[in-house]
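Below: the structure, in C-alpha cells.
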Amino acid sequence: MPNRFALRARVLLPINRPPFEDGAVVVAGDRIEAVGRWRHIKRTFSGEVIDLGERILLPGLVNGHCHLDYTHMAGLFPPQKSFCDWIKLITEEKLLWSTADFAESWRAGARALARNGSTTVADVESGPALLPKVWDEVPLRVFSFLEITGVRSRTAPEPILAEVLEKIATLRHERCSAGIAPHAPYSTTKKLLRLTAAAARKHKLRVMIHLAESAPEFEMFMLRRGEMFDWMRRNQRDMSDCGGVSPVRHLARAGLLSRRLLAVHVNYLARGDAALLARKGVNIVHCPRSHAYFGHCRFQFEKLVRAGVNICLGTDSLASVRANPKQQIELNMFEEMRTFANAHTEVSPETILRMATVNGAVALGMKGLIGELRRGAFADIIALPVPSALRRTYEAVLEHSGPVAASMIGGQWAIAPD
C-alpha cells in the first residue's frame with residue numbers, strides 16, 4: 001500500500017488551471033491522486049493531513065538547460081569582448097579541473113537548484129564518468145545530456161557516438177535518464193549531427209544542442225566569414241557546410257530538427273527559421289541571465305511564439321552569469337523568471353511561470369507528469385510563503401526570493417517544511 005497523505009495550503013497554483021484558495025493535493029506513493037479545494041477533498045479523504053498553512057503550493061520548477069558541473073566557475077570570467085574569447089577561457093579552465101572538482105561542482109549546483117525550487121533539470125554533462133553516482137546523491141529529477149564534439153579531437157564521428165550510446169545503455173535509474181548533446185553546430189561535424197539524428201530516432205532519445213547562440217556563429221554559417229569561421233578553420237574543421245545557410249537550416253539539413261530536440265538559446269534567426277522550428281516541433285530553451293551576460297540581440301520571443309514554438313526557461317551555467325558583489329550568485333529559476341520579466345515587460349507572469357514549469361515538461365516529453373499539479377502526475381511540489389498582502393498569485397511567485405519553504409520530489413521531501 002503506497003504512502004498516502006494530503007497537503008493543504010492557503011493557495012494552490014496547479015498551472016493547468018487558475019489558482020484558488022484553501023487547496024489540497026492528495027499524494028499516494030510518488031504520484032498525485034487528487035487536486036482540489038480542501039472542502040471537497042476532505043469529503044472522501046481519510047488519512048494524514050499535512051497543513052502547510054500560509055503557503056502557496058505549486059509544481060516544482062523545470063530547469064530546461066544547465067551545466068551543473070560548471071557551478072564552481074561562478075564569477076571566474078568577466079564578460080569578454082567576443083563570444084569566442086569566452087569559449088577559449090572556459091575551455092582552458094576545464095583543463096585545470098579534476099574529475100573530483102567537476103563532481104563537487106555538480107553536487108553544489110544540484111543542491112542550489114533544489115534549495116531554490118527546481119525539481120527537474122536538463123543538464124549537459126561533459127564528464128559522463130560522474131554518472132550515475134551523482135544521480136544517487138541528490139533528490140532532483142535529472143535528464144543528463146552527454147556532450148559530444150569531435151572537431152578538436154580529430155576523432156571520427158562513429159566512435160564518438162558509439163561511446164555515448166554505450167554509456168547511455170548502462171544508465172538505469174528510477175528518477176533520472178540520459179540523452180545526447182552535440183555541443184553546437186560550429187563545434188561538431190555535419191556527419192556527427194546526421195548520425196546523432198538517426199540514433200535519436202532509433203533509440204527514442206532526446207537531444208540538446210546550443211543553437212544560433214551568437215552573432216559569430218550566425219555569421220560563420222550565413223556568410224563564411226568572421227572570427228568563429230576563422231577560428232574553426234584554424235582548428236581544421238571542414239568548413240564546406242558554411243555559406244548561405246542559417247544555423248537552424250544547417251540542423252534541418254542534418255535531420256536533427258524534431259520534437260525530441262531541445263535547442264538552447266536560438267538568439268539569431270534568418271527569415272523562415274521560426275516557422276521551420278515550429279513545423280518540426282522543436283523546443284527552445286531561453287536562458288535570460290546568460291543572454292544578458294553576453295549582450296546578445298533581443299531574444300525574439302514574440303516571433304517564435306507567434307510561429308507556435310514551445311519555449312521554456314533554463315539557467316545555463318554560472319560561468320555565464322554576472323557576478324554581484326552584494327549577492328552570491330546561484331542557480332535559481334526565480335532569478336531567470338525575473339530577468340526575463342524585466343526584459344519582456346509585455347509578457348504576463350502567468351506565461352513566464354508556464355515557461356518554467358509545463359513548457360519544460362513538454363520539451364522533455366513529460367507533459368502531464370511534471371510541471372503541473374494534476375491527477376497522475378509525479379508528486380513534485382514546492383511551497384512558497386504567502387506574502388503579507390497577497391493579491392496576485394502569479395506576481396507573488398515571480399517575486400519570491402530565497403530558498404523555498406518546502407520541496408517534494410516523487411512524494412518524498414527534498415526540503416521538509418518547518
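We label chains A, B, ... in the order they appear in the C-alpha cells, count residues from 1 in each chain, and number ligands from 1 in the order shown.
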Q | alpha helix (DSSP H) per DSSP on the backbone: members of stretch 141-256 of chain A, as a PyMOL selection string | A | chain A and resi 157-170+190-203+215-223+227-234+247-253
Output for the residues just chosen: N, CA and C atoms as a short mmCIF file (atom, residue, chain, number, x, y, z; two decimals), in the first residue's frame:
```cif
data_model
loop_
_atom_site.label_atom_id
_atom_site.label_comp_id
_atom_site.auth_asym_id
_atom_site.auth_seq_id
_atom_site.Cartn_x
_atom_site.Cartn_y
_atom_site.Cartn_z
N PRO A 157 33.36 10.48 -36.30
CA PRO A 157 32.07 10.59 -35.60
C PRO A 157 31.51 9.26 -35.12
N GLU A 158 31.78 8.17 -35.85
CA GLU A 158 31.18 6.88 -35.46
C GLU A 158 31.61 6.43 -34.07
N PRO A 159 32.92 6.41 -33.73
CA PRO A 159 33.28 6.01 -32.37
C PRO A 159 32.83 6.99 -31.29
N ILE A 160 32.76 8.28 -31.64
CA ILE A 160 32.27 9.27 -30.67
C ILE A 160 30.84 8.93 -30.25
N LEU A 161 30.00 8.70 -31.24
CA LEU A 161 28.60 8.41 -30.96
C LEU A 161 28.44 7.04 -30.31
N ALA A 162 29.22 6.06 -30.77
CA ALA A 162 29.12 4.71 -30.21
C ALA A 162 29.45 4.71 -28.72
N GLU A 163 30.45 5.49 -28.33
CA GLU A 163 30.83 5.56 -26.91
C GLU A 163 29.71 6.14 -26.06
N VAL A 164 29.07 7.19 -26.57
CA VAL A 164 27.97 7.82 -25.84
C VAL A 164 26.78 6.87 -25.72
N LEU A 165 26.43 6.21 -26.81
CA LEU A 165 25.30 5.29 -26.79
C LEU A 165 25.56 4.12 -25.85
N GLU A 166 26.80 3.67 -25.81
CA GLU A 166 27.16 2.58 -24.89
C GLU A 166 26.99 3.01 -23.45
N LYS A 167 27.40 4.24 -23.14
CA LYS A 167 27.25 4.76 -21.78
C LYS A 167 25.77 4.89 -21.43
N ILE A 168 24.97 5.44 -22.33
CA ILE A 168 23.55 5.61 -22.07
C ILE A 168 22.89 4.26 -21.80
N ALA A 169 23.31 3.23 -22.52
CA ALA A 169 22.71 1.90 -22.34
C ALA A 169 22.96 1.32 -20.96
N THR A 170 24.03 1.79 -20.29
CA THR A 170 24.34 1.28 -18.95
C THR A 170 23.61 2.04 -17.85
N LYS A 190 29.12 17.83 -39.67
CA LYS A 190 27.80 17.56 -40.21
C LYS A 190 27.48 16.06 -40.17
N LYS A 191 28.51 15.22 -40.32
CA LYS A 191 28.26 13.77 -40.25
C LYS A 191 27.86 13.36 -38.84
N LEU A 192 28.51 13.93 -37.82
CA LEU A 192 28.14 13.60 -36.45
C LEU A 192 26.71 14.02 -36.15
N LEU A 193 26.28 15.14 -36.68
CA LEU A 193 24.91 15.58 -36.48
C LEU A 193 23.92 14.63 -37.16
N ARG A 194 24.24 14.19 -38.35
CA ARG A 194 23.36 13.24 -39.06
C ARG A 194 23.26 11.92 -38.30
N LEU A 195 24.39 11.44 -37.82
CA LEU A 195 24.39 10.18 -37.07
C LEU A 195 23.63 10.32 -35.75
N THR A 196 23.77 11.47 -35.11
CA THR A 196 23.04 11.72 -33.87
C THR A 196 21.54 11.72 -34.12
N ALA A 197 21.12 12.36 -35.20
CA ALA A 197 19.69 12.38 -35.53
C ALA A 197 19.15 10.98 -35.75
N ALA A 198 19.90 10.15 -36.46
CA ALA A 198 19.45 8.78 -36.72
C ALA A 198 19.41 7.97 -35.43
N ALA A 199 20.41 8.14 -34.57
CA ALA A 199 20.45 7.40 -33.30
C ALA A 199 19.32 7.82 -32.38
N ALA A 200 19.01 9.12 -32.37
CA ALA A 200 17.92 9.61 -31.53
C ALA A 200 16.58 9.01 -31.96
N ARG A 201 16.38 8.92 -33.27
CA ARG A 201 15.14 8.31 -33.77
C ARG A 201 15.09 6.83 -33.42
N LYS A 202 16.18 6.14 -33.62
CA LYS A 202 16.22 4.69 -33.39
C LYS A 202 16.01 4.35 -31.92
N HIS A 203 16.68 5.07 -31.04
CA HIS A 203 16.65 4.74 -29.61
C HIS A 203 15.68 5.60 -28.82
N ALA A 215 26.24 35.96 -32.54
CA ALA A 215 26.40 36.58 -33.86
C ALA A 215 27.54 35.96 -34.66
N PRO A 216 28.70 35.63 -34.03
CA PRO A 216 29.77 34.98 -34.80
C PRO A 216 29.36 33.63 -35.39
N GLU A 217 28.54 32.87 -34.67
CA GLU A 217 28.06 31.59 -35.20
C GLU A 217 27.15 31.83 -36.41
N PHE A 218 26.26 32.80 -36.29
CA PHE A 218 25.35 33.11 -37.39
C PHE A 218 26.14 33.57 -38.62
N GLU A 219 27.15 34.42 -38.39
CA GLU A 219 27.98 34.93 -39.49
C GLU A 219 28.78 33.80 -40.14
N MET A 220 29.25 32.87 -39.33
CA MET A 220 30.02 31.74 -39.85
C MET A 220 29.22 30.93 -40.86
N PHE A 221 27.98 30.61 -40.51
CA PHE A 221 27.17 29.77 -41.39
C PHE A 221 26.57 30.56 -42.55
N MET A 222 26.14 31.76 -42.29
CA MET A 222 25.47 32.53 -43.33
C MET A 222 26.45 33.13 -44.35
N LEU A 223 27.61 33.60 -43.86
CA LEU A 223 28.48 34.41 -44.72
C LEU A 223 29.88 33.84 -44.92
N GLU A 227 35.11 35.89 -36.94
CA GLU A 227 36.09 35.33 -36.02
C GLU A 227 35.85 33.84 -35.73
N MET A 228 34.60 33.41 -35.66
CA MET A 228 34.36 31.99 -35.41
C MET A 228 34.72 31.15 -36.64
N PHE A 229 34.40 31.67 -37.83
CA PHE A 229 34.78 30.96 -39.05
C PHE A 229 36.29 30.79 -39.12
N ASP A 230 37.03 31.86 -38.85
CA ASP A 230 38.49 31.79 -38.92
C ASP A 230 39.05 30.87 -37.85
N TRP A 231 38.46 30.92 -36.64
CA TRP A 231 38.93 30.08 -35.53
C TRP A 231 38.70 28.60 -35.84
N MET A 232 37.52 28.26 -36.30
CA MET A 232 37.22 26.87 -36.62
C MET A 232 38.07 26.36 -37.79
N ARG A 233 38.31 27.21 -38.75
CA ARG A 233 39.14 26.81 -39.88
C ARG A 233 40.57 26.54 -39.42
N ARG A 234 41.09 27.37 -38.50
CA ARG A 234 42.43 27.12 -37.96
C ARG A 234 42.49 25.79 -37.21
N PRO A 247 22.24 28.68 -38.95
CA PRO A 247 22.46 27.52 -38.07
C PRO A 247 21.23 26.63 -37.96
N VAL A 248 20.04 27.24 -37.94
CA VAL A 248 18.80 26.45 -37.87
C VAL A 248 18.65 25.58 -39.12
N ARG A 249 18.85 26.16 -40.30
CA ARG A 249 18.76 25.39 -41.55
C ARG A 249 19.85 24.33 -41.63
N HIS A 250 21.00 24.62 -41.06
CA HIS A 250 22.09 23.65 -41.01
C HIS A 250 21.64 22.38 -40.27
N LEU A 251 20.96 22.57 -39.14
CA LEU A 251 20.45 21.40 -38.40
C LEU A 251 19.35 20.70 -39.17
N ALA A 252 18.54 21.47 -39.89
CA ALA A 252 17.49 20.85 -40.71
C ALA A 252 18.08 19.93 -41.75
N ARG A 253 19.18 20.35 -42.38
CA ARG A 253 19.84 19.52 -43.38
C ARG A 253 20.35 18.21 -42.78
#
```
List as JSON lines every residue of stretch 132-187 of chain A that is in contact with stretch 364-385 of chain A, defined as an atom at most 10 Å from one of its atoms (using only C-alpha atoms), together with the nearest atom pair and the distance in Å rounded to one decimal, sorted by chain and then rising number.
```
{"residue": "A:Leu140", "atom": "CA", "partner": "A:Asp380", "partner_atom": "CA", "distance": 9.6}
{"residue": "A:Arg141", "atom": "CA", "partner": "A:Asp380", "partner_atom": "CA", "distance": 9.2}
{"residue": "A:Phe143", "atom": "CA", "partner": "A:Leu364", "partner_atom": "CA", "distance": 8.3}
```
Q) Any idea what's packed within 12 Å of A:Glu147, counting only C-alpha atoms, ignoring anything in its chain fewer than 4 positions away? Could you give it as a PyMOL selection string? A) chain A and resi 67+123-129+160-161+163-165+167-168+178-184+187-188+196+207-210
Would you save the residues of that selection, restricted to C-alpha atoms, as a compact mmCIF listing (two decimals), in the first residue's frame?
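The file below, part29.txt, is the result:
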```txt
# COMPACT_ATOMS: atom_id res chain seq x y z
CA HIS A 67 25.73 22.84 -16.76
CA ASP A 123 21.77 19.10 -17.64
CA VAL A 124 24.58 18.96 -20.20
CA GLU A 125 27.16 16.53 -18.89
CA SER A 126 30.74 16.88 -20.14
CA GLY A 127 32.04 14.19 -17.76
CA PRO A 128 29.84 11.10 -18.11
CA ALA A 129 32.07 9.22 -15.67
CA ILE A 160 32.27 9.27 -30.67
CA LEU A 161 28.60 8.41 -30.96
CA GLU A 163 30.83 5.56 -26.91
CA VAL A 164 27.97 7.82 -25.84
CA LEU A 165 25.30 5.29 -26.79
CA LYS A 167 27.25 4.76 -21.78
CA ILE A 168 23.55 5.61 -22.07
CA ALA A 178 20.22 10.38 -20.30
CA GLY A 179 20.22 11.86 -23.79
CA ILE A 180 22.74 13.19 -26.32
CA ALA A 181 24.14 16.73 -26.53
CA PRO A 182 26.09 17.63 -29.67
CA HIS A 183 27.66 20.80 -28.32
CA ALA A 184 26.83 23.20 -31.17
CA SER A 187 31.88 22.55 -32.79
CA THR A 188 30.59 19.37 -34.42
CA THR A 196 23.04 11.72 -33.87
CA VAL A 207 18.80 15.68 -27.93
CA MET A 208 20.06 19.03 -26.67
CA ILE A 209 22.23 21.46 -28.64
CA HIS A 210 23.40 25.07 -28.29
```
Q | Two-atom distance - atom CA of A:Glu395, atom CA of A:Val27 (Å) | A | 26.9 Å
Cut-off 10 Å: closest stretch 62-169 of chain A/stretch 281-295 of chain A atom pairs per residue, using only C-alpha atoms, as a Markdown table:
```
| residue | atom | partner | partner_atom | distance |
| --- | --- | --- | --- | --- |
| A:Asn63 | CA | A:Val285 | CA | 9.1 |
| A:Gly64 | CA | A:Val285 | CA | 6.0 |
| A:His65 | CA | A:Val285 | CA | 6.7 |
| A:Cys66 | CA | A:Cys287 | CA | 9.1 |
| A:Pro78 | CA | A:Tyr293 | CA | 8.9 |
| A:Pro79 | CA | A:Tyr293 | CA | 6.5 |
| A:Gln80 | CA | A:Phe294 | CA | 8.0 |
| A:Lys81 | CA | A:Phe294 | CA | 9.1 |
| A:Ser82 | CA | A:Phe294 | CA | 8.5 |
| A:Phe83 | CA | A:Phe294 | CA | 7.2 |
| A:Trp86 | CA | A:Phe294 | CA | 9.3 |
```
Just N, CA and C atoms for this one: save the residues we selected as an mmCIF file, in the first residue's frame.
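Once written, again_9.cif looks like this:
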```
data_model
loop_
_atom_site.group_PDB
_atom_site.id
_atom_site.type_symbol
_atom_site.label_atom_id
_atom_site.label_comp_id
_atom_site.auth_asym_id
_atom_site.auth_seq_id
_atom_site.Cartn_x
_atom_site.Cartn_y
_atom_site.Cartn_z
ATOM 1 N N ASN A 63 13.987 23.190 -14.921
ATOM 2 C CA ASN A 63 15.120 23.918 -15.483
ATOM 3 C C ASN A 63 15.494 23.265 -16.817
ATOM 4 N N GLY A 64 15.233 23.971 -17.919
ATOM 5 C CA GLY A 64 15.383 23.375 -19.235
ATOM 6 C C GLY A 64 16.795 23.262 -19.757
ATOM 7 N N HIS A 65 17.765 23.911 -19.106
ATOM 8 C CA HIS A 65 19.152 23.807 -19.564
ATOM 9 C C HIS A 65 20.098 24.265 -18.478
ATOM 10 N N CYS A 66 21.080 23.428 -18.188
ATOM 11 C CA CYS A 66 22.048 23.748 -17.142
ATOM 12 C C CYS A 66 23.369 23.036 -17.443
ATOM 13 N N PRO A 78 34.803 37.520 -16.206
ATOM 14 C CA PRO A 78 34.049 38.730 -16.534
ATOM 15 C C PRO A 78 33.664 38.695 -18.005
ATOM 16 N N PRO A 79 32.603 39.384 -18.392
ATOM 17 C CA PRO A 79 32.208 39.387 -19.808
ATOM 18 C C PRO A 79 33.368 39.775 -20.718
ATOM 19 N N GLN A 80 33.516 39.046 -21.810
ATOM 20 C CA GLN A 80 34.612 39.252 -22.749
ATOM 21 C C GLN A 80 34.167 40.112 -23.933
ATOM 22 N N LYS A 81 35.142 40.569 -24.699
ATOM 23 C CA LYS A 81 34.834 41.365 -25.879
ATOM 24 C C LYS A 81 34.111 40.540 -26.936
ATOM 25 N N SER A 82 34.430 39.259 -26.992
ATOM 26 C CA SER A 82 33.800 38.407 -28.003
ATOM 27 C C SER A 82 33.382 37.084 -27.401
ATOM 28 N N PHE A 83 32.366 36.468 -27.993
ATOM 29 C CA PHE A 83 31.874 35.161 -27.556
ATOM 30 C C PHE A 83 32.981 34.112 -27.671
ATOM 31 N N TRP A 86 35.335 34.061 -24.739
ATOM 32 C CA TRP A 86 34.763 33.389 -23.567
ATOM 33 C C TRP A 86 34.878 31.872 -23.705
#
```
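By only C-alpha atoms, and with residues fewer than 6 positions from A:Cys297 along its chain excluded, the set lying at most 12 Å from it is Ala212, Glu213, Ser214, Ala215, His265, Val266, Asn267, Tyr268, Leu269, Pro288, His291 and Ala343 of chain A.
Non-sequential neighbours of A:Pro417 (distance at most 9 Å, separation of 4 or more positions within a chain, only C-alpha atoms) are Leu52, Ala383, Ala405, Ala406, Ser407 and Trp413 of chain A.
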Go ahead and save the picked residues with C-alpha atoms, as a PDB file, in the first residue's frame.
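Everything below was put into again-v7.pdb:
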```pdb
ATOM      1  CA  LEU A  52       1.313  23.892   5.424  1.00  0.00           C
ATOM      2  CA  ALA A 383       5.773  25.550  -1.244  1.00  0.00           C
ATOM      3  CA  ALA A 405       9.628  26.769   2.234  1.00  0.00           C
ATOM      4  CA  ALA A 406       9.393  23.108   1.218  1.00  0.00           C
ATOM      5  CA  SER A 407      10.058  20.843  -1.746  1.00  0.00           C
ATOM      6  CA  TRP A 413      10.533  15.541   0.943  1.00  0.00           C
TER       7      TRP A 413
END
```
Q: as JSON, numbers by chain, list the residues of stretch 324-410 of chain A assigned to strand (DSSP E or B) by DSSP on the backbone atoms of this structure.
A: {"A": [324, 327, 367, 370, 378, 381, 382, 383, 384, 385, 406, 407, 408, 409]}
Q: Provide the atom CA of A:Arg306 to atom CA of A:Gly255 distance in Å, to one decimal place.
A: 23.8 Å
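The shortest atom-to-atom distance to A:Glu48, with only C-alpha atoms taken into account, belongs to A:Ala6 out of A:Ile311, A:Leu61, A:Val121, A:Ala6.
Rounded to one decimal, atom CA of A:Gly411 and atom CA of A:Asp69 lie 26.8 Å from each other.
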